[in-house]
>>> print(open('start.tsv').read())   # TSV, C-alpha atoms and all ligand atoms
chain	number	residue	atom	x	y	z
A	1	MET	CA	0.00	0.00	0.00
A	2	GLU	CA	1.22	3.50	-0.92
A	3	VAL	CA	0.94	5.74	2.13
A	4	GLU	CA	0.65	9.44	1.56
A	5	LEU	CA	2.93	11.12	4.08
A	6	ALA	CA	2.44	14.53	5.63
A	7	ASN	CA	3.98	17.46	3.76
A	8	ARG	CA	5.99	18.41	6.82
A	9	VAL	CA	8.05	15.22	6.69
A	10	LEU	CA	8.36	15.23	2.93
A	11	ALA	CA	10.09	18.60	3.25
A	12	LEU	CA	12.72	17.22	5.64
A	13	THR	CA	16.30	17.07	4.37
A	14	PRO	CA	17.78	13.65	5.10
A	15	SER	CA	20.70	13.77	7.53
A	16	SER	CA	23.96	14.29	5.65
A	17	THR	CA	25.76	12.15	8.17
A	18	LEU	CA	23.52	9.16	7.53
A	19	ALA	CA	24.44	8.47	3.91
A	20	ILE	CA	28.18	8.32	4.58
A	21	THR	CA	27.72	6.41	7.84
A	22	ALA	CA	25.55	3.84	6.05
A	23	LYS	CA	28.16	3.43	3.32
A	24	ALA	CA	30.96	3.09	5.90
A	25	LYS	CA	28.95	0.42	7.68
A	26	GLU	CA	28.37	-1.45	4.43
A	27	LEU	CA	32.12	-1.44	3.67
A	28	LYS	CA	32.92	-2.63	7.20
A	29	GLU	CA	30.45	-5.49	6.80
A	30	GLN	CA	32.30	-6.48	3.64
A	31	GLY	CA	35.43	-6.81	5.77
A	32	GLU	CA	37.02	-3.45	4.85
A	33	ASP	CA	39.12	-1.75	7.54
A	34	VAL	CA	37.26	1.56	7.56
A	35	ILE	CA	38.00	4.21	10.20
A	36	GLY	CA	34.94	6.29	11.03
A	37	LEU	CA	35.49	9.92	12.00
A	38	GLY	CA	31.83	10.79	11.86
A	39	ALA	CA	30.96	10.29	15.53
A	40	GLY	CA	29.01	13.01	17.27
A	41	GLU	CA	29.46	11.55	20.72
A	42	PRO	CA	32.29	11.09	23.22
A	43	ASP	CA	33.96	7.68	23.02
A	44	PHE	CA	34.12	7.26	26.81
A	45	ASN	CA	31.78	5.28	29.03
A	46	THR	CA	29.42	7.19	31.27
A	47	PRO	CA	31.30	7.62	34.60
A	48	LYS	CA	30.69	4.80	37.07
A	49	HIS	CA	29.14	6.84	39.89
A	50	ILE	CA	26.43	7.92	37.43
A	51	LEU	CA	25.71	4.32	36.43
A	52	ASP	CA	25.54	3.34	40.12
A	53	ALA	CA	23.09	6.14	40.91
A	54	ALA	CA	20.83	5.10	38.03
A	55	PHE	CA	20.88	1.48	39.15
A	56	LEU	CA	20.16	2.43	42.74
A	57	SER	CA	17.22	4.62	41.73
A	58	MET	CA	15.63	1.65	39.96
A	59	LYS	CA	16.23	-0.64	42.92
A	60	GLU	CA	14.62	1.96	45.17
A	61	GLY	CA	11.53	1.88	42.99
A	62	HIS	CA	11.87	5.17	41.13
A	63	THR	CA	10.39	3.74	37.97
A	64	LYS	CA	7.20	5.77	37.56
A	65	TYR	CA	6.19	8.95	35.72
A	66	THR	CA	7.75	12.20	36.90
A	67	PRO	CA	6.52	15.78	36.41
A	68	SER	CA	6.61	16.66	32.70
A	69	ALA	CA	9.27	19.33	33.15
A	70	GLY	CA	11.49	16.97	35.14
A	71	LEU	CA	12.12	15.88	38.73
A	72	PRO	CA	12.38	18.76	41.23
A	73	ALA	CA	15.73	17.32	42.42
A	74	LEU	CA	17.11	17.41	38.87
A	75	LYS	CA	15.91	20.98	38.35
A	76	LYS	CA	17.64	21.86	41.61
A	77	ALA	CA	20.88	20.24	40.40
A	78	ILE	CA	20.64	22.17	37.12
A	79	ILE	CA	19.93	25.43	38.96
A	80	ASN	CA	23.01	24.83	41.17
A	81	LYS	CA	25.10	24.15	38.09
A	82	PHE	CA	23.99	27.44	36.50
A	83	GLU	CA	24.84	29.32	39.72
A	84	LEU	CA	28.19	27.65	40.15
A	85	ASP	CA	29.45	27.69	36.56
A	86	GLN	CA	27.91	30.85	35.19
A	87	GLY	CA	26.59	32.87	38.11
A	88	LEU	CA	23.12	32.66	36.57
A	89	SER	CA	20.11	32.26	38.80
A	90	TYR	CA	16.97	30.49	37.60
A	91	LYS	CA	13.80	29.44	39.37
A	92	PRO	CA	12.37	25.93	38.93
A	93	ASN	CA	9.57	27.28	36.68
A	94	GLU	CA	12.25	28.64	34.34
A	95	ILE	CA	13.68	25.17	33.62
A	96	ILE	CA	12.36	22.24	31.58
A	97	VAL	CA	14.18	18.95	31.24
A	98	GLY	CA	13.72	17.26	27.86
A	99	ASN	CA	14.75	14.00	26.21
A	100	GLY	CA	18.14	15.35	25.18
A	101	ALA	CA	19.09	18.88	24.14
A	102	LYS	CA	17.78	18.07	20.66
A	103	HIS	CA	14.30	17.47	22.05
A	104	ALA	CA	14.46	20.60	24.21
A	105	LEU	CA	15.22	22.59	21.05
A	106	TYR	CA	12.48	20.85	19.10
A	107	THR	CA	9.90	21.68	21.77
A	108	LEU	CA	11.17	25.25	21.97
A	109	PHE	CA	10.68	25.91	18.24
A	110	GLN	CA	7.24	24.28	18.39
A	111	VAL	CA	6.07	26.74	21.05
A	112	LEU	CA	7.82	29.81	19.59
A	113	LEU	CA	7.13	29.79	15.89
A	114	ASN	CA	4.11	30.60	13.79
A	115	ASP	CA	4.05	29.90	10.06
A	116	GLY	CA	6.53	32.16	8.31
A	117	ASP	CA	8.42	33.28	11.42
A	118	GLU	CA	12.11	33.52	10.67
A	119	VAL	CA	14.97	32.09	12.71
A	120	ILE	CA	18.48	33.26	11.96
A	121	ILE	CA	20.97	30.41	11.79
A	122	PRO	CA	24.69	31.11	11.44
A	123	ALA	CA	26.32	28.75	8.92
A	124	PRO	CA	28.04	26.36	9.26
A	125	TYR	CA	25.33	24.99	11.53
A	126	TRP	CA	24.34	21.84	13.32
A	127	VAL	CA	22.19	19.88	10.87
A	128	SER	CA	19.06	19.72	13.03
A	129	TYR	CA	18.49	23.48	13.45
A	130	PRO	CA	17.02	24.15	9.98
A	131	GLU	CA	14.90	21.01	10.04
A	132	GLN	CA	13.50	21.73	13.49
A	133	VAL	CA	12.67	25.31	12.50
A	134	LYS	CA	10.92	24.07	9.34
A	135	LEU	CA	8.99	21.41	11.28
A	136	ALA	CA	7.58	24.20	13.44
A	137	GLY	CA	6.44	26.17	10.35
A	138	GLY	CA	9.37	28.57	10.61
A	139	VAL	CA	11.79	29.74	7.95
A	140	PRO	CA	15.55	29.33	8.46
A	141	VAL	CA	17.53	32.41	7.44
A	142	TYR	CA	21.23	31.70	7.09
A	143	ILE	CA	24.16	33.97	7.75
A	144	ASP	CA	27.45	32.72	6.32
A	145	GLY	CA	30.07	32.80	9.02
A	146	LEU	CA	33.19	33.55	6.99
A	147	GLU	CA	36.24	31.37	7.41
A	148	GLN	CA	38.51	34.44	7.64
A	149	ASN	CA	36.39	35.51	10.61
A	150	HIS	CA	36.70	32.02	12.12
A	151	PHE	CA	33.17	31.26	10.98
A	152	LYS	CA	31.70	33.76	13.43
A	153	ILE	CA	28.92	36.06	12.33
A	154	THR	CA	29.44	39.82	12.65
A	155	PRO	CA	27.02	42.45	14.02
A	156	GLU	CA	26.73	43.90	10.47
A	157	GLN	CA	25.70	40.52	9.08
A	158	LEU	CA	23.15	40.08	11.85
A	159	VAL	CA	21.57	43.48	11.24
A	160	LYS	CA	21.30	42.71	7.53
A	161	ALA	CA	19.57	39.37	8.13
A	162	ILE	CA	16.87	40.79	10.41
A	163	THR	CA	13.40	41.40	8.96
A	164	ASN	CA	10.05	42.13	10.59
A	165	LYS	CA	9.47	38.36	10.65
A	166	THR	CA	12.62	37.53	12.65
A	167	LYS	CA	11.72	35.76	15.86
A	168	ALA	CA	15.00	34.33	17.08
A	169	VAL	CA	18.69	33.84	16.39
A	170	ILE	CA	20.64	30.71	17.29
A	171	ILE	CA	24.07	31.03	18.86
A	172	ASN	CA	25.99	27.78	19.23
A	173	SER	CA	29.24	28.33	21.10
A	174	PRO	CA	31.36	26.20	21.06
A	175	SER	CA	30.01	25.26	17.68
A	176	ASN	CA	29.28	22.00	16.00
A	177	PRO	CA	30.83	21.63	13.40
A	178	THR	CA	33.58	24.28	13.70
A	179	GLY	CA	34.50	24.14	17.41
A	180	VAL	CA	34.64	27.93	17.37
A	181	LEU	CA	33.94	29.89	20.56
A	182	TYR	CA	32.53	33.45	20.69
A	183	THR	CA	34.20	35.92	23.07
A	184	ALA	CA	32.26	38.03	25.58
A	185	GLU	CA	32.82	41.13	23.44
A	186	GLU	CA	31.51	39.47	20.30
A	187	LEU	CA	28.46	38.17	22.14
A	188	MET	CA	27.80	41.60	23.63
A	189	GLU	CA	27.76	43.19	20.16
A	190	LEU	CA	25.30	40.61	18.86
A	191	GLY	CA	23.26	40.78	22.06
A	192	LYS	CA	22.83	44.56	21.81
A	193	ILE	CA	21.25	44.14	18.38
A	194	CYS	CA	18.90	41.40	19.65
A	195	LEU	CA	17.78	43.63	22.51
A	196	GLU	CA	17.26	46.60	20.22
A	197	LYS	CA	15.21	44.57	17.71
A	198	ASN	CA	13.51	42.41	20.33
A	199	ILE	CA	14.80	39.12	18.98
A	200	LEU	CA	15.03	36.04	21.16
A	201	ILE	CA	18.41	34.38	21.51
A	202	VAL	CA	18.59	30.60	21.53
A	203	SER	CA	21.97	29.83	23.06
A	204	ASP	CA	22.97	26.20	22.49
A	205	GLU	CA	25.71	25.52	25.04
A	206	ILE	CA	25.84	21.73	24.80
A	207	TYR	CA	29.66	21.76	24.29
A	208	GLU	CA	30.25	24.23	27.14
A	209	LYS	CA	32.52	21.86	29.09
A	210	LEU	CA	34.68	20.86	26.14
A	211	ILE	CA	36.95	23.85	25.60
A	212	TYR	CA	40.68	24.00	25.05
A	213	GLY	CA	43.80	26.11	25.08
A	214	GLY	CA	42.78	27.96	28.23
A	215	ALA	CA	39.72	29.44	26.49
A	216	ILE	CA	36.75	30.45	28.64
A	217	HIS	CA	33.15	29.69	27.83
A	218	ILE	CA	30.82	32.66	28.20
A	219	SER	CA	27.07	32.46	27.83
A	220	ILE	CA	25.40	35.47	26.27
A	221	ALA	CA	22.93	35.28	29.18
A	222	GLN	CA	25.78	36.11	31.59
A	223	LEU	CA	26.43	39.50	30.05
A	224	SER	CA	23.47	41.42	31.51
A	225	GLN	CA	20.13	40.86	33.18
A	226	GLU	CA	18.38	42.09	30.02
A	227	LEU	CA	20.26	39.60	27.87
A	228	LYS	CA	19.47	36.80	30.33
A	229	GLU	CA	15.77	37.62	29.96
A	230	GLN	CA	16.07	37.62	26.18
A	231	THR	CA	17.86	34.24	26.06
A	232	ILE	CA	16.78	30.62	26.24
A	233	ILE	CA	19.79	28.48	27.13
A	234	ILE	CA	19.94	24.91	25.84
A	235	ASN	CA	22.31	22.51	27.53
A	236	GLY	CA	22.50	18.91	28.76
A	237	VAL	CA	24.68	16.11	30.00
A	238	SER	CA	25.16	14.29	26.66
A	239	LYS	CA	28.56	15.68	25.73
A	240	SER	CA	29.87	16.89	29.10
A	241	HIS	CA	29.31	13.63	30.97
A	242	SER	CA	29.41	11.22	28.02
A	243	MET	CA	25.71	10.46	28.39
A	244	THR	CA	24.41	10.70	24.80
A	245	GLY	CA	22.26	7.58	25.10
A	246	TRP	CA	20.56	8.66	28.32
A	247	ARG	CA	18.74	11.49	26.54
A	248	ILE	CA	18.77	14.28	29.10
A	249	GLY	CA	18.94	17.92	28.03
A	250	TYR	CA	17.18	21.06	29.17
A	251	ALA	CA	16.07	24.60	28.40
A	252	ALA	CA	16.31	27.54	30.79
A	253	GLY	CA	14.73	30.95	30.41
A	254	ASN	CA	11.49	32.92	30.24
A	255	LYS	CA	8.84	31.22	32.37
A	256	GLN	CA	6.00	31.64	29.85
A	257	VAL	CA	8.06	29.87	27.22
A	258	ILE	CA	9.00	27.12	29.68
A	259	GLU	CA	5.37	26.70	30.74
A	260	ALA	CA	4.27	26.34	27.11
A	261	MET	CA	7.04	23.80	26.51
A	262	THR	CA	5.90	21.90	29.60
A	263	ASN	CA	2.32	21.78	28.31
A	264	LEU	CA	3.51	20.45	24.99
A	265	ALA	CA	5.78	17.86	26.64
A	266	SER	CA	2.89	16.68	28.80
A	267	HIS	CA	1.10	15.63	25.58
A	268	SER	CA	4.13	14.24	23.76
A	269	THR	CA	6.70	12.57	26.00
A	270	SER	CA	5.04	12.91	29.45
A	271	ASN	CA	8.52	13.13	30.95
A	272	PRO	CA	12.15	12.26	30.23
A	273	THR	CA	12.99	8.70	31.32
A	274	THR	CA	12.95	8.55	35.10
A	275	THR	CA	16.14	6.50	35.47
A	276	ALA	CA	18.01	8.86	33.16
A	277	GLN	CA	16.89	11.81	35.27
A	278	TYR	CA	18.36	10.16	38.38
A	279	ALA	CA	21.56	9.55	36.44
A	280	ALA	CA	21.67	13.25	35.48
A	281	ILE	CA	21.21	14.28	39.13
A	282	ALA	CA	24.31	12.22	39.97
A	283	ALA	CA	26.14	13.73	36.99
A	284	TYR	CA	25.63	17.26	38.31
A	285	ASN	CA	25.75	16.65	42.05
A	286	GLY	CA	28.60	14.10	42.01
A	287	PRO	CA	32.35	14.51	41.39
A	288	GLN	CA	33.25	16.50	38.25
A	289	GLU	CA	36.75	15.01	37.82
A	290	PRO	CA	35.63	12.61	35.05
A	291	VAL	CA	34.39	15.61	33.02
A	292	GLU	CA	37.81	17.24	33.29
A	293	GLU	CA	39.61	13.96	32.49
A	294	MET	CA	37.58	13.55	29.29
A	295	ARG	CA	38.20	17.18	28.36
A	296	GLN	CA	41.95	16.69	28.78
A	297	ALA	CA	41.89	13.58	26.61
A	298	PHE	CA	40.10	15.51	23.83
A	299	GLU	CA	42.56	18.39	24.14
A	300	LYS	CA	45.55	16.07	23.82
A	301	ARG	CA	44.09	14.53	20.67
A	302	LEU	CA	43.31	17.95	19.21
A	303	GLU	CA	46.88	19.15	19.74
A	304	ILE	CA	48.39	16.12	18.01
A	305	ILE	CA	45.90	15.76	15.19
A	306	TYR	CA	45.49	19.43	14.28
A	307	ASP	CA	49.17	19.79	13.31
A	308	LYS	CA	49.08	16.63	11.22
A	309	LEU	CA	45.86	17.69	9.52
A	310	VAL	CA	47.06	21.13	8.43
A	311	ALA	CA	50.24	19.52	7.06
A	312	ILE	CA	48.11	17.75	4.43
A	313	PRO	CA	48.43	19.49	1.03
A	314	GLY	CA	45.24	21.41	0.18
A	315	PHE	CA	43.90	21.43	3.74
A	316	THR	CA	43.45	24.61	5.78
A	317	CYS	CA	41.72	24.60	9.14
A	318	VAL	CA	40.58	27.16	11.68
A	319	LYS	CA	41.88	25.83	15.00
A	320	PRO	CA	38.92	24.86	17.16
A	321	GLN	CA	38.66	26.04	20.76
A	322	GLY	CA	35.92	23.63	21.73
A	323	ALA	CA	33.70	20.59	20.98
A	324	PHE	CA	35.42	17.56	19.39
A	325	TYR	CA	35.41	18.30	15.68
A	326	LEU	CA	37.87	19.62	13.12
A	327	TYR	CA	36.35	21.42	10.16
A	328	PRO	CA	39.02	21.87	7.48
A	329	ASN	CA	38.44	23.55	4.13
A	330	VAL	CA	39.49	20.92	1.59
A	331	ARG	CA	38.40	22.52	-1.67
A	332	ASN	CA	42.01	22.79	-2.86
A	333	ALA	CA	42.69	19.19	-1.91
A	334	ALA	CA	39.61	18.08	-3.86
A	335	GLU	CA	40.66	20.11	-6.91
A	336	MET	CA	44.27	18.91	-6.75
A	337	THR	CA	43.12	15.32	-6.74
A	338	GLY	CA	40.74	15.77	-9.65
A	339	PHE	CA	37.33	15.95	-7.95
A	340	ASN	CA	34.66	18.43	-8.98
A	341	ASN	CA	33.35	18.89	-5.49
A	342	VAL	CA	34.05	17.99	-1.89
A	343	ASP	CA	31.14	15.50	-1.72
A	344	ASP	CA	32.84	13.35	-4.39
A	345	PHE	CA	36.19	13.77	-2.63
A	346	VAL	CA	34.59	12.51	0.61
A	347	GLU	CA	33.19	9.49	-1.20
A	348	ALA	CA	36.64	8.67	-2.61
A	349	LEU	CA	38.22	9.09	0.84
A	350	LEU	CA	35.84	6.45	2.09
A	351	VAL	CA	36.14	3.99	-0.78
A	352	GLU	CA	39.86	4.39	-1.49
A	353	ALA	CA	41.49	5.68	1.72
A	354	LYS	CA	38.99	3.89	3.97
A	355	VAL	CA	38.30	6.93	6.11
A	356	ALA	CA	34.75	8.12	6.74
A	357	VAL	CA	34.31	11.87	7.26
A	358	ILE	CA	31.21	14.04	6.95
A	359	PRO	CA	30.88	16.40	3.98
A	360	GLY	CA	30.35	20.05	4.88
A	361	SER	CA	27.42	20.38	2.45
A	362	GLY	CA	25.03	19.22	5.20
A	363	PHE	CA	26.34	21.94	7.54
A	364	GLY	CA	25.86	24.69	4.97
A	365	THR	CA	29.50	25.02	3.79
A	366	PRO	CA	30.26	22.62	0.93
A	367	ASP	CA	34.03	23.26	0.82
A	368	ASN	CA	34.65	21.74	4.25
A	369	ILE	CA	34.60	18.33	5.86
A	370	ARG	CA	33.95	17.45	9.49
A	371	LEU	CA	36.23	15.03	11.31
A	372	SER	CA	35.38	14.00	14.83
A	373	TYR	CA	38.24	13.30	17.25
A	374	ALA	CA	35.98	11.37	19.58
A	375	THR	CA	37.97	8.25	18.80
A	376	SER	CA	41.31	6.84	19.97
A	377	LEU	CA	44.53	8.68	19.16
A	378	ASP	CA	45.78	5.57	17.39
A	379	GLN	CA	42.81	5.50	15.04
A	380	LEU	CA	43.03	9.24	14.49
A	381	GLU	CA	46.69	9.14	13.55
A	382	THR	CA	46.13	6.26	11.16
A	383	ALA	CA	43.13	8.00	9.59
A	384	VAL	CA	44.97	11.27	9.05
A	385	SER	CA	48.00	9.55	7.53
A	386	ARG	CA	45.70	7.59	5.21
A	387	ILE	CA	44.14	10.86	4.02
A	388	HIS	CA	47.61	12.38	3.55
A	389	ARG	CA	48.83	9.38	1.58
A	390	PHE	CA	45.66	9.36	-0.55
A	391	ILE	CA	46.30	12.93	-1.63
A	392	MET	CA	50.01	12.40	-2.26
A	393	THR	CA	49.34	9.45	-4.57
A	394	LYS	CA	46.55	11.23	-6.44
A	395	VAL	CA	48.53	14.41	-7.15
A	396	LYS	CA	51.81	12.53	-7.54
A	397	ILE	CA	53.95	15.08	-5.68
A	401	LIG	C1	25.13	21.66	18.59
A	401	LIG	C2	24.35	20.55	19.16
A	401	LIG	N1	23.24	20.83	19.87
A	401	LIG	C3	22.49	19.87	20.41
A	401	LIG	C4	22.83	18.53	20.27
A	401	LIG	C5	21.93	17.49	20.86
A	401	LIG	O1	22.36	16.96	22.04
A	401	LIG	P1	21.55	15.79	22.73
A	401	LIG	O2	22.29	14.52	22.45
A	401	LIG	O3	21.55	16.12	24.20
A	401	LIG	O4	20.18	15.76	22.19
A	401	LIG	C6	23.97	18.18	19.53
A	401	LIG	C7	24.31	16.77	19.33
A	401	LIG	O5	25.06	16.39	18.47
A	401	LIG	C8	24.75	19.21	18.98
A	401	LIG	O6	25.86	18.94	18.29
>>> encode(input="start.tsv", output="structure tokens", more="lines below")
Ligand SMILES: Cc1ncc(COP(=O)(O)O)c(C=O)c1O
Amino acid sequence: MEVELANRVLALTPSSTLAITAKAKELKEQGEDVIGLGAGEPDFNTPKHILDAAFLSMKEGHTKYTPSAGLPALKKAIINKFELDQGLSYKPNEIIVGNGAKHALYTLFQVLLNDGDEVIIPAPYWVSYPEQVKLAGGVPVYIDGLEQNHFKITPEQLVKAITNKTKAVIINSPSNPTGVLYTAEELMELGKICLEKNILIVSDEIYEKLIYGGAIHISIAQLSQELKEQTIIINGVSKSHSMTGWRIGYAAGNKQVIEAMTNLASHSTSNPTTTAQYAAIAAYNGPQEPVEEMRQAFEKRLEIIYDKLVAIPGFTCVKPQGAFYLYPNVRNAAEMTGFNNVDDFVEALLVEAKVAVIPGSGFGTPDNIRLSYATSLDQLETAVSRIHRFIMTKVKI
């Protein structure tokens, strides 16, 4: 039977990561030694004290529904974390816990946007932003973050992109895919414009804990009380505590928005999984050393791999200050090796060099590729030398 699907799903762009991941999997199943650098999640186990707390909560019988916006004890842990890390104070009715940061964002756009409302998305962007905006009837408006400006958008670009339909702008710092971090001054400039034009700021801070080279993470909400009121922060434990599979993320901000999100969640998910919420309480209230240990491991990999990557002919790369991705521009490498575009180059890297990376076309910048360093140093070094060798043989230099 032919089923006629809803227009809203027909308009969805398939995930750019899926095609290459599926092909990599197929090659692996055929016995090929493929190294995958597509991962969007830390390669560490969830720390043991978090696992123990989850197990204990089940044994103690905490296996029932919770309030839709999350357990009061988890909200308290999140509020403490905001106070401690960022000096931000929130009330429980200004927080909603969702099934991952992705779901918190999805619910947010559903309650914010009417048909035709515009959301400004700096490119390169995380692949789900445009799709989530479209699913809520909104229109993504892209600003190209220029490579010479480290992919950051400028105040002039923001002003130009604003129309009378603009509802919100997304700031993702540190960014997926570039790893770039905005400074307080840069955020202040952008924030001033948002205040002046009454535009909401959606600040996705999911990679907040993964920053390197002594850089400091600043939330735009920290810069003034007015900016805090204009901002909805999105965060979660997925990347910081290596808890991607637990699905716990949250939104913090304006209480009317949070109340609307809570109403919607009460009719969609009821609540995030109870056991996962107990695990997240342990993540925030327990020792933070594992978070720092994982951060250090990522930083060590970045330092080693970045130098090797930029030594590859035709590769240039803005050095990331956060997250766990490298986002080199490889247009010259693709041209030197006889490919018309980076998508074809990526396909050849997979089939011939046996390295799976994600083409930048899905992130809004088709000259780049995304490599994740959430894999062992050994694998990373082998992968990068395979790419290097691939290029050297193709251009015969
Ligand atoms: C920028 C960004 N925001 C949000 C998320 C979603 O995080 P979660 O796994 O908590 O849903 C991701 C995950 O890859 C991400 O890269």
>>> residues_near_ligand(input="start.tsv", ligand="ligand LIG 401 (chain A)", cutoff="10 Å", atoms="all atoms listed in the file", output="MDAnalysis selection string")
chainID A and resid 39:41 98:106 125:129 171:177 179 203:207 234:240 242:250 323:325
>>> write_last_selection(input="start.tsv", atoms="C-alpha atoms", output="PDB file, keeping the file's coordinate frame")
ATOM      1  CA  ALA A  39      30.960  10.290  15.530  1.00  0.00           C
ATOM      2  CA  GLY A  40      29.010  13.010  17.270  1.00  0.00           C
ATOM      3  CA  GLU A  41      29.460  11.550  20.720  1.00  0.00           C
ATOM      4  CA  GLY A  98      13.720  17.260  27.860  1.00  0.00           C
ATOM      5  CA  ASN A  99      14.750  14.000  26.210  1.00  0.00           C
ATOM      6  CA  GLY A 100      18.140  15.350  25.180  1.00  0.00           C
ATOM      7  CA  ALA A 101      19.090  18.880  24.140  1.00  0.00           C
ATOM      8  CA  LYS A 102      17.780  18.070  20.660  1.00  0.00           C
ATOM      9  CA  HIS A 103      14.300  17.470  22.050  1.00  0.00           C
ATOM     10  CA  ALA A 104      14.460  20.600  24.210  1.00  0.00           C
ATOM     11  CA  LEU A 105      15.220  22.590  21.050  1.00  0.00           C
ATOM     12  CA  TYR A 106      12.480  20.850  19.100  1.00  0.00           C
ATOM     13  CA  TYR A 125      25.330  24.990  11.530  1.00  0.00           C
ATOM     14  CA  TRP A 126      24.340  21.840  13.320  1.00  0.00           C
ATOM     15  CA  VAL A 127      22.190  19.880  10.870  1.00  0.00           C
ATOM     16  CA  SER A 128      19.060  19.720  13.030  1.00  0.00           C
ATOM     17  CA  TYR A 129      18.490  23.480  13.450  1.00  0.00           C
ATOM     18  CA  ILE A 171      24.070  31.030  18.860  1.00  0.00           C
ATOM     19  CA  ASN A 172      25.990  27.780  19.230  1.00  0.00           C
ATOM     20  CA  SER A 173      29.240  28.330  21.100  1.00  0.00           C
ATOM     21  CA  PRO A 174      31.360  26.200  21.060  1.00  0.00           C
ATOM     22  CA  SER A 175      30.010  25.260  17.680  1.00  0.00           C
ATOM     23  CA  ASN A 176      29.280  22.000  16.000  1.00  0.00           C
ATOM     24  CA  PRO A 177      30.830  21.630  13.400  1.00  0.00           C
ATOM     25  CA  GLY A 179      34.500  24.140  17.410  1.00  0.00           C
ATOM     26  CA  SER A 203      21.970  29.830  23.060  1.00  0.00           C
ATOM     27  CA  ASP A 204      22.970  26.200  22.490  1.00  0.00           C
ATOM     28  CA  GLU A 205      25.710  25.520  25.040  1.00  0.00           C
ATOM     29  CA  ILE A 206      25.840  21.730  24.800  1.00  0.00           C
ATOM     30  CA  TYR A 207      29.660  21.760  24.290  1.00  0.00           C
ATOM     31  CA  ILE A 234      19.940  24.910  25.840  1.00  0.00           C
ATOM     32  CA  ASN A 235      22.310  22.510  27.530  1.00  0.00           C
ATOM     33  CA  GLY A 236      22.500  18.910  28.760  1.00  0.00           C
ATOM     34  CA  VAL A 237      24.680  16.110  30.000  1.00  0.00           C
ATOM     35  CA  SER A 238      25.160  14.290  26.660  1.00  0.00           C
ATOM     36  CA  LYS A 239      28.560  15.680  25.730  1.00  0.00           C
ATOM     37  CA  SER A 240      29.870  16.890  29.100  1.00  0.00           C
ATOM     38  CA  SER A 242      29.410  11.220  28.020  1.00  0.00           C
ATOM     39  CA  MET A 243      25.710  10.460  28.390  1.00  0.00           C
ATOM     40  CA  THR A 244      24.410  10.700  24.800  1.00  0.00           C
ATOM     41  CA  GLY A 245      22.260   7.580  25.100  1.00  0.00           C
ATOM     42  CA  TRP A 246      20.560   8.660  28.320  1.00  0.00           C
ATOM     43  CA  ARG A 247      18.740  11.490  26.540  1.00  0.00           C
ATOM     44  CA  ILE A 248      18.770  14.280  29.100  1.00  0.00           C
ATOM     45  CA  GLY A 249      18.940  17.920  28.030  1.00  0.00           C
ATOM     46  CA  TYR A 250      17.180  21.060  29.170  1.00  0.00           C
ATOM     47  CA  ALA A 323      33.700  20.590  20.980  1.00  0.00           C
ATOM     48  CA  PHE A 324      35.420  17.560  19.390  1.00  0.00           C
ATOM     49  CA  TYR A 325      35.410  18.300  15.680  1.00  0.00           C
TER      50      TYR A 325
END
>>> residues_near_point(input="start.tsv", point="(25.4, 31.9, 26.2)", cutoff="7 Å", atoms="all atoms listed in the file", output="PyMOL selection string")
chain A and resi 203+205+218-222+233
>>> residues_around(input="start.tsv", residues="Glu289 in chain A", least_positions_apart="2", cutoff="12 Å", atoms="all atoms listed in the file", output="MDAnalysis selection string")
chainID A and resid 47:49 209 240:241 283:287 291:296
>>> residues_around(input="start.tsv", residues="Asn7 in chain A", least_positions_apart="2", cutoff="12 Å", atoms="only C-alpha atoms", output="list in words")
Glu4, Leu5, Val9, Leu10, Ala11, Leu12, Lys134, Leu135 and Gly137 of chain A
>>> residues_around(input="start.tsv", residues="range 364-367 of chain A", least_positions_apart="3", cutoff="12 Å", atoms="all atoms listed in the file", output="PyMOL selection string")
chain A and resi 16+121-130+140-147+151+176-178+314-317+327-335+339-346+358-361+370
>>> residues_near_point(input="start.tsv", point="(25.6, 40.2, 21.4)", cutoff="10 Å", atoms="only C-alpha atoms", output="ChimeraX atom specification")
/A:154-155,158,171,182-195,201,220-221,223,227
>>> closest_residue(input="start.tsv", among="A:Lys152, A:Lys81, A:Lys197, A:Arg386", to="Ile35 in chain A", atoms="all atoms listed in the file")
A:Arg386
>>> closest_residue(input="start.tsv", among="A:Phe55, A:Tyr278, A:Tyr212, A:Phe109", to="Leu71 in chain A", atoms="only C-alpha atoms")
A:Tyr278
